[in-house]
Structure formats: C-alpha cells, structure tokens
>>> print(open('input_31.txt').read())   # compact mmCIF, C-alpha atoms and all ligand atoms
# COMPACT_ATOMS: atom_id res chain seq x y z
CA MET A 1 -67.90 -13.58 -18.35
CA SER A 2 -65.36 -12.97 -15.62
CA SER A 3 -64.98 -14.26 -12.10
CA THR A 4 -67.25 -13.16 -9.25
CA TRP A 5 -64.51 -14.09 -6.76
CA THR A 6 -63.98 -11.54 -3.99
CA LEU A 7 -61.39 -11.43 -1.23
CA PRO A 8 -62.56 -11.10 2.40
CA ASP A 9 -62.00 -7.85 4.31
CA ASP A 10 -60.08 -9.60 7.11
CA LEU A 11 -57.42 -11.05 4.81
CA VAL A 12 -53.95 -11.29 6.38
CA VAL A 13 -50.98 -11.04 4.02
CA PRO A 14 -48.31 -13.45 5.31
CA GLU A 15 -44.65 -12.56 5.83
CA LEU A 16 -42.26 -14.60 3.71
CA PRO A 17 -40.34 -17.27 5.68
CA ALA A 18 -36.97 -15.93 6.87
CA ASP A 19 -35.13 -18.51 4.76
CA HIS A 20 -37.27 -18.00 1.65
CA PRO A 21 -34.91 -18.79 -1.23
CA GLY A 22 -35.90 -15.81 -3.43
CA PRO A 23 -36.75 -15.37 -7.11
CA GLY A 24 -35.50 -18.02 -9.53
CA ALA A 25 -34.90 -20.76 -6.95
CA PRO A 26 -36.27 -24.10 -8.16
CA ILE A 27 -39.12 -25.62 -6.14
CA PRO A 28 -38.85 -29.40 -5.78
CA GLN A 29 -41.83 -31.60 -6.64
CA HIS A 30 -43.84 -32.19 -3.48
CA TRP A 31 -44.70 -35.84 -4.26
CA GLY A 32 -43.19 -37.95 -7.04
CA ARG A 33 -46.53 -39.52 -7.94
CA CYS A 34 -48.39 -36.20 -8.12
CA PHE A 35 -50.28 -35.78 -11.42
CA GLY A 36 -49.24 -32.12 -11.52
CA CYS A 37 -45.52 -32.16 -10.77
CA GLY A 38 -44.35 -35.76 -10.17
CA ASP A 39 -41.56 -37.40 -12.17
CA ASP A 40 -42.90 -40.80 -11.19
CA GLN A 41 -46.28 -40.28 -12.86
CA PRO A 42 -45.94 -41.07 -16.61
CA SER A 43 -49.28 -39.61 -17.67
CA GLY A 44 -48.92 -36.47 -15.52
CA LEU A 45 -48.36 -32.82 -16.38
CA LYS A 46 -44.72 -32.82 -15.20
CA MET A 47 -44.81 -29.13 -14.35
CA ASP A 48 -41.68 -27.31 -13.21
CA PHE A 49 -41.69 -24.48 -10.69
CA VAL A 50 -39.44 -21.68 -9.50
CA ILE A 51 -39.94 -19.03 -6.86
CA GLY A 52 -41.15 -15.68 -8.21
CA GLU A 53 -41.30 -12.21 -6.68
CA GLY A 54 -42.86 -11.92 -3.21
CA LEU A 55 -45.59 -14.48 -2.61
CA GLU A 56 -45.56 -15.67 -6.23
CA VAL A 57 -44.36 -18.89 -7.84
CA ILE A 58 -43.85 -19.44 -11.57
CA GLY A 59 -44.86 -22.75 -13.16
CA ARG A 60 -44.18 -24.07 -16.65
CA LEU A 61 -46.37 -26.50 -18.56
CA GLU A 62 -45.58 -27.99 -21.96
CA VAL A 63 -48.96 -28.64 -23.58
CA ALA A 64 -48.47 -32.20 -24.84
CA ASN A 65 -50.76 -33.91 -27.38
CA ARG A 66 -52.16 -36.13 -24.62
CA PHE A 67 -53.65 -33.01 -22.96
CA GLN A 68 -56.03 -32.49 -25.90
CA GLY A 69 -59.70 -31.58 -25.46
CA GLY A 70 -61.25 -30.10 -28.59
CA PRO A 71 -59.21 -30.75 -31.77
CA GLY A 72 -55.82 -29.08 -31.43
CA PHE A 73 -56.45 -27.38 -28.10
CA ILE A 74 -55.81 -28.07 -24.42
CA HIS A 75 -58.58 -29.70 -22.39
CA GLY A 76 -60.07 -27.20 -19.93
CA GLY A 77 -59.79 -29.63 -17.04
CA ILE A 78 -56.08 -30.08 -17.70
CA LEU A 79 -55.64 -26.32 -17.52
CA MET A 80 -57.54 -26.23 -14.22
CA THR A 81 -55.29 -28.97 -12.90
CA ALA A 82 -52.23 -26.93 -13.84
CA PHE A 83 -53.66 -23.91 -12.02
CA ASP A 84 -54.53 -26.08 -9.01
CA GLU A 85 -50.98 -27.37 -8.83
CA ALA A 86 -49.47 -23.88 -9.26
CA GLN A 87 -51.70 -22.27 -6.63
CA GLY A 88 -51.03 -25.15 -4.21
CA MET A 89 -47.30 -24.68 -4.77
CA ALA A 90 -47.67 -20.96 -4.04
CA CYS A 91 -49.33 -21.84 -0.73
CA SER A 92 -46.65 -24.27 0.33
CA ALA A 93 -43.80 -21.93 -0.72
CA ALA A 94 -45.27 -18.98 1.18
CA LEU A 95 -46.61 -20.78 4.25
CA ARG A 96 -44.50 -23.97 4.50
CA ALA A 97 -47.73 -25.80 5.20
CA ALA A 98 -49.57 -28.64 3.49
CA VAL A 99 -52.77 -27.49 1.80
CA VAL A 100 -55.68 -29.02 -0.08
CA THR A 101 -58.01 -27.31 -2.53
CA GLY A 102 -61.39 -26.32 -1.09
CA HIS A 103 -62.89 -24.18 -3.85
CA PHE A 104 -61.63 -23.36 -7.31
CA GLU A 105 -62.71 -21.34 -10.33
CA THR A 106 -61.14 -20.59 -13.71
CA ASP A 107 -61.78 -18.14 -16.54
CA PHE A 108 -60.80 -19.40 -20.00
CA ALA A 109 -60.02 -16.34 -22.13
CA ARG A 110 -58.30 -17.80 -25.22
CA PRO A 111 -57.94 -21.29 -26.74
CA ILE A 112 -54.50 -22.76 -26.00
CA PRO A 113 -52.99 -24.84 -28.81
CA LEU A 114 -51.14 -28.11 -28.34
CA GLY A 115 -47.39 -27.50 -28.53
CA SER A 116 -47.64 -24.32 -26.45
CA VAL A 117 -45.49 -23.64 -23.44
CA LEU A 118 -47.59 -22.04 -20.71
CA GLU A 119 -46.21 -19.89 -17.94
CA ILE A 120 -48.46 -19.85 -14.89
CA ARG A 121 -47.83 -17.21 -12.25
CA ALA A 122 -49.59 -18.11 -9.02
CA ARG A 123 -49.64 -16.24 -5.76
CA VAL A 124 -51.00 -16.19 -2.23
CA GLU A 125 -53.27 -13.19 -1.73
CA GLY A 126 -53.62 -13.79 1.99
CA THR A 127 -55.01 -16.00 4.71
CA VAL A 128 -57.97 -16.10 7.10
CA ARG A 129 -57.38 -18.71 9.80
CA ARG A 130 -56.71 -21.96 7.83
CA LYS A 131 -58.08 -20.55 4.59
CA VAL A 132 -55.55 -19.47 1.95
CA TYR A 133 -56.78 -17.25 -0.87
CA THR A 134 -54.84 -17.58 -4.12
CA SER A 135 -54.91 -16.37 -7.71
CA ALA A 136 -53.02 -17.15 -10.91
CA ASP A 137 -52.77 -16.26 -14.58
CA ALA A 138 -51.43 -18.09 -17.62
CA ARG A 139 -49.63 -16.83 -20.69
CA ILE A 140 -48.31 -18.65 -23.78
CA VAL A 141 -44.59 -17.94 -23.78
CA ASP A 142 -43.46 -20.31 -26.56
CA GLY A 143 -44.95 -22.26 -29.45
CA PRO A 144 -48.02 -21.50 -31.55
CA LEU A 145 -49.82 -18.23 -30.74
CA ALA A 146 -47.14 -17.28 -28.17
CA ASP A 147 -47.60 -13.77 -26.80
CA PRO A 148 -46.29 -13.20 -23.27
CA GLU A 149 -48.35 -10.01 -23.00
CA VAL A 150 -51.70 -11.80 -23.28
CA VAL A 151 -53.36 -13.55 -20.33
CA VAL A 152 -55.03 -16.63 -21.86
CA ALA A 153 -56.64 -17.88 -18.63
CA SER A 154 -56.87 -16.92 -14.98
CA SER A 155 -57.89 -18.63 -11.81
CA SER A 156 -58.84 -18.08 -8.18
CA GLY A 157 -58.83 -20.68 -5.47
CA LEU A 158 -59.34 -21.22 -1.78
CA PHE A 159 -57.00 -23.72 -0.16
CA VAL A 160 -57.17 -25.02 3.39
CA THR A 161 -54.11 -25.89 5.47
CA VAL A 162 -54.13 -29.45 6.82
CA GLY A 163 -51.92 -31.56 9.04
CA HIS A 164 -50.13 -34.66 7.79
CA GLU A 165 -52.90 -36.78 9.32
CA HIS A 166 -55.02 -35.69 6.34
CA PHE A 167 -52.78 -37.74 4.02
CA GLU A 168 -52.41 -40.68 6.38
CA LYS A 169 -55.93 -41.69 5.36
CA GLY A 170 -54.76 -42.13 1.75
CA ARG A 171 -51.56 -44.04 2.41
CA ARG A 172 -52.97 -47.50 1.73
CA PHE A 173 -54.56 -46.34 -1.51
CA ALA A 174 -51.46 -44.88 -3.18
CA ASP A 175 -51.62 -45.78 -6.91
CA GLY A 176 -55.32 -46.52 -6.46
CA LEU A 177 -54.75 -49.98 -5.05
CA PRO A 178 -54.65 -51.08 -1.44
CA GLY A 179 -51.04 -51.98 -0.89
CA PRO A 180 -48.00 -51.56 1.31
CA ASP A 181 -47.91 -48.31 3.23
CA ARG A 182 -46.14 -45.56 1.36
CA ASP A 183 -44.30 -42.62 2.82
CA VAL A 184 -46.35 -39.51 2.08
CA SER A 185 -44.57 -37.38 4.65
CA ALA A 186 -43.06 -35.23 1.89
CA PHE A 187 -46.42 -34.03 0.60
C1 LIG A 201 -47.71 -28.30 -2.89
C2 LIG A 201 -49.09 -28.86 -2.94
C3 LIG A 201 -49.78 -28.75 -4.33
C4 LIG A 201 -51.07 -29.53 -4.33
C5 LIG A 201 -51.97 -29.12 -5.48
C6 LIG A 201 -53.18 -30.03 -5.60
C7 LIG A 201 -54.13 -29.81 -4.44
C8 LIG A 201 -55.32 -30.71 -4.54
O1 LIG A 201 -55.85 -30.93 -5.60
S1 LIG A 201 -55.92 -31.36 -3.06
C9 LIG A 201 -57.22 -32.47 -3.62
C10 LIG A 201 -58.56 -31.84 -3.71
N1 LIG A 201 -59.07 -31.36 -2.42
C11 LIG A 201 -59.50 -32.24 -1.48
O2 LIG A 201 -59.45 -33.45 -1.61
C12 LIG A 201 -60.02 -31.63 -0.23
C13 LIG A 201 -61.24 -32.41 0.28
N2 LIG A 201 -61.87 -31.66 1.40
C14 LIG A 201 -61.44 -31.83 2.66
O3 LIG A 201 -60.61 -32.68 2.96
C15 LIG A 201 -62.06 -30.93 3.73
O4 LIG A 201 -63.32 -30.46 3.29
C16 LIG A 201 -61.13 -29.72 4.04
C17 LIG A 201 -59.78 -30.19 4.59
C18 LIG A 201 -60.93 -28.83 2.80
C19 LIG A 201 -61.82 -28.82 5.10
O5 LIG A 201 -62.25 -29.66 6.17
P1 LIG A 201 -61.83 -29.38 7.70
O6 LIG A 201 -60.37 -29.63 7.91
O7 LIG A 201 -62.78 -30.14 8.55
O8 LIG A 201 -62.01 -27.82 7.88
P2 LIG A 201 -63.35 -26.94 8.00
O9 LIG A 201 -63.44 -26.48 9.41
O10 LIG A 201 -64.53 -27.59 7.36
O11 LIG A 201 -62.93 -25.70 7.05
C20 LIG A 201 -61.89 -24.79 7.42
C21 LIG A 201 -62.29 -23.45 6.84
O12 LIG A 201 -62.30 -23.57 5.40
C22 LIG A 201 -63.60 -23.23 4.89
N3 LIG A 201 -63.89 -24.10 3.77
C23 LIG A 201 -63.75 -25.44 3.69
N4 LIG A 201 -64.14 -25.89 2.48
C24 LIG A 201 -64.55 -24.80 1.77
C25 LIG A 201 -65.08 -24.62 0.47
N5 LIG A 201 -65.26 -25.63 -0.39
N6 LIG A 201 -65.38 -23.37 0.05
C26 LIG A 201 -65.21 -22.31 0.91
N7 LIG A 201 -64.70 -22.44 2.17
C27 LIG A 201 -64.39 -23.67 2.59
C28 LIG A 201 -64.53 -23.45 6.04
O13 LIG A 201 -65.73 -22.66 5.91
C29 LIG A 201 -63.68 -22.99 7.23
O14 LIG A 201 -63.67 -21.59 7.23
P3 LIG A 201 -63.73 -20.69 8.60
O15 LIG A 201 -62.34 -20.65 9.19
O16 LIG A 201 -64.19 -19.35 8.15
O17 LIG A 201 -64.71 -21.38 9.53
>>> encode(input="input_31.txt", output="structure tokens", more="lines below")
Ligand SMILES: CCCCCCCC(=O)SCCNC(=O)CCNC(=O)[C@H](O)C(C)(C)COP(=O)(O)OP(=O)(O)OC[C@H]1O[C@@H](n2cnc3c(N)ncnc32)[C@H](O)[C@@H]1OP(=O)(O)O
Amino acid sequence: MSSTWTLPDDLVVPELPADHPGPGAPIPQHWGRCFGCGDDQPSGLKMDFVIGEGLEVIGRLEVANRFQGGPGFIHGGILMTAFDEAQGMACSAALRAAVVTGHFETDFARPIPLGSVLEIRARVEGTVRRKVYTSADARIVDGPLADPEVVVASSSGLFVTVGHEHFEKGRRFADGLPGPDRDVSAF
C-alpha cells in the first residue's frame, strides 16, 4: 500500500536563501541533545547532514544494533524518527525557520538490516502559510543488501513553523527533569 498524501493546489515553492551554502556543505546539528542529530545524546541516532541540490538535504544513518526491532532489522519507529529529523532539517535549511512536526506518514518498502548505512534525501515541496510540506526517501548505500538504486522507504510530512517561544515552554524540562534553565535558542 502506498501513501495517500497529496499536495495542496496553493503550494508556494520557496526561493533558496541568498547565502544558501550549496550542495555538499555540512549542516550543523540543531541541538546537541536532539535524539536525531545530537552529539550529546548517547542513545541517539547521531545522524549527519549535508546540503543537497535545490531544496534537498542528504542525511546519513548508521543502523546500529540498538536500533533493532524484529530480529536483525531496524525498528520502524527508528526509521520514522530518522525521516522526521531529515525532513525537519530540510525545512530549516530551506526556510531558516524553526519547525515542529504536525503530521507524518511513512511507507516501509523493504526490511533494512542492522549494519546498513542509510542515505535519506529529504526536501521541501513547498509552503502554505506556516505549513511546510516535505517528502523524503531512503536507500541502503553501504552494508548488507546495499543497492543505491532501490528506495527502501519513503515519507511525507507536514511541518509547522514556530517562534522560539514554542521551545521556551520546554526549557525547564530539558533532559526530562525540572532543572536549571538551558539555552535552547539554537534549536
Ligand atoms: C532542524 C529541526 C529538526 C527537528 C526534527 C524533529 C521535529 C519534531 O519531532 S518536533 C516534535 C513533534 N511535534 C510537536 O511536538 C508539535 C506539537 N504540536 C504543536 O505544538 C501545535 O499543534 C503546532 C505548533 C503544530 C500547531 O499549533 P499552532 O501554532 O497553534 O498553529 P495552528 O494555527 O493550529 O496550525 C497552523 C496551520 O497548521 C495546520 N496544522 C497544524 N497541525 C496539523 C496537523 N496535525 N495536520 C495537518 N495540519 C495541521 C493548521 O490546520 C493550520 O493550517 P492553516 O494555515 O491552513 O489554518
């Protein structure tokens, strides 16, 4: 079964920022404690990102043993998290705005073995007011069953741009415990 996702007719395709760094430029992690990209999150995915062509970013995920669902394969929720991170990164690279996920859906086309390296290409399709429509696909580019021609999963998601006040509400709960205020201005 494939996605029933459709794009609205009034979609606006954004212009790239004038100082967009161009294909191959590394994208810094947006928050060190992020489960998707943070270095300061030991159990996290530790994804890396670079800018791709146009409104696309390219993410890389090493499928570690701790990401296991069924025996030998990635957990579906981990894969959705990787897509979520990649599509959020595409939004922030294209729009220079903070976003949160509003709606998300994923098609799982092939099982993905532990030890794989996944390449996730994620892009902004366009915007309608604060809504950002995104899509992404994943391929195994190294490790068991690698075949860069085959899309093993794909994803569509609606993100919503938010101001930094959105994250102010979470400051005291960073790390899941009430504690000293933390600077989340880099999100
Ligand atoms: C670089 C960054 C990478 C980050 C990657 C990881 C991202 C995440 O996982 S974020 C965590 C998960 N997401 C969340 O916690 C979000 C929780 N939800 C919220 O905070 C709010 O519902 C929020 C901000 C999405 C929208 O609330 P609010 O700011 O009041 O806006 P609101 O007016 O309701 O909605 C704005 C528009 O989005 C639409 N919208 C909002 N939610 C949805 C939804 N679930 N489905 C479809 N449309 C939606 C609304 O219909 C509205 O559209 P329109 O312009 O046509 O009227």
>>> residues_around(input="input_31.txt", residues="region 46-56 of chain A", least_positions_apart="4", cutoff="8 Å", atoms="all atoms listed in the file", output="PyMOL selection string")
chain A and resi 16+21-29+35-39+41+60-62+82+86+90+93-94+121-125
>>> closest_residue(input="input_31.txt", among="A:Phe173, A:Trp5, A:Phe67, A:Trp31", to="ligand LIG 201 (chain A)", atoms="all atoms listed in the file")
A:Trp31
>>> closest_residue(input="input_31.txt", among="A:Gly115, A:Gly88, A:Pro17, A:Gly70", to="ligand LIG 201 (chain A)", atoms="all atoms listed in the file")
A:Gly88
>>> atom_distance(input="input_31.txt", atom1="CA of Ala138 (chain A)", atom2="CA of Phe83 (chain A)")
8.4 Å
>>> residues_around(input="input_31.txt", residues="Glu119 (chain A)", least_positions_apart="5", cutoff="9 Å", atoms="all atoms listed in the file", output="list in words")
Ile58, Gly59, Arg60, Leu61, Asp137, Ala138, Arg139, Ile140, Val141 and Pro148 of chain A
>>> write_last_selection(input="input_31.txt", atoms="C-alpha atoms", output="compact mmCIF listing (two decimals), in the frame of the given file")
# COMPACT_ATOMS: atom_id res chain seq x y z
CA ILE A 58 -43.85 -19.44 -11.57
CA GLY A 59 -44.86 -22.75 -13.16
CA ARG A 60 -44.18 -24.07 -16.65
CA LEU A 61 -46.37 -26.50 -18.56
CA ASP A 137 -52.77 -16.26 -14.58
CA ALA A 138 -51.43 -18.09 -17.62
CA ARG A 139 -49.63 -16.83 -20.69
CA ILE A 140 -48.31 -18.65 -23.78
CA VAL A 141 -44.59 -17.94 -23.78
CA PRO A 148 -46.29 -13.20 -23.27
>>> residues_near_ligand(input="input_31.txt", ligand="ligand LIG 201 (chain A)", cutoff="10 Å", atoms="only C-alpha atoms and all ligand atoms", output="MDAnalysis selection string")
chainID A and resid 27:31 34:37 80:93 96:104 127:133 157:163 166:167 186:187
>>> atom_distance(input="input_31.txt", atom1="CA of Val117 (chain A)", atom2="CA of Val152 (chain A)")
11.9 Å
>>> closest_residue(input="input_31.txt", among="A:Ala136, A:Leu45, A:Ile120, A:Ala174", to="Glu105 (chain A)", atoms="all atoms listed in the file")
A:Ala136
>>> axis_aligned_box(input="input_31.txt", around="region 91-108 of chain A", padding_each_side="4 Å", output="JSON")
{"center_x": -53.3, "center_y": -23.6, "center_z": -7.4, "size_x": 27.1, "size_y": 18.9, "size_z": 33.2}
>>> closest_residue(input="input_31.txt", among="A:Arg33, A:Gly126, A:Pro71, A:Pro42", to="Pro8 (chain A)", atoms="all atoms listed in the file")
A:Gly126
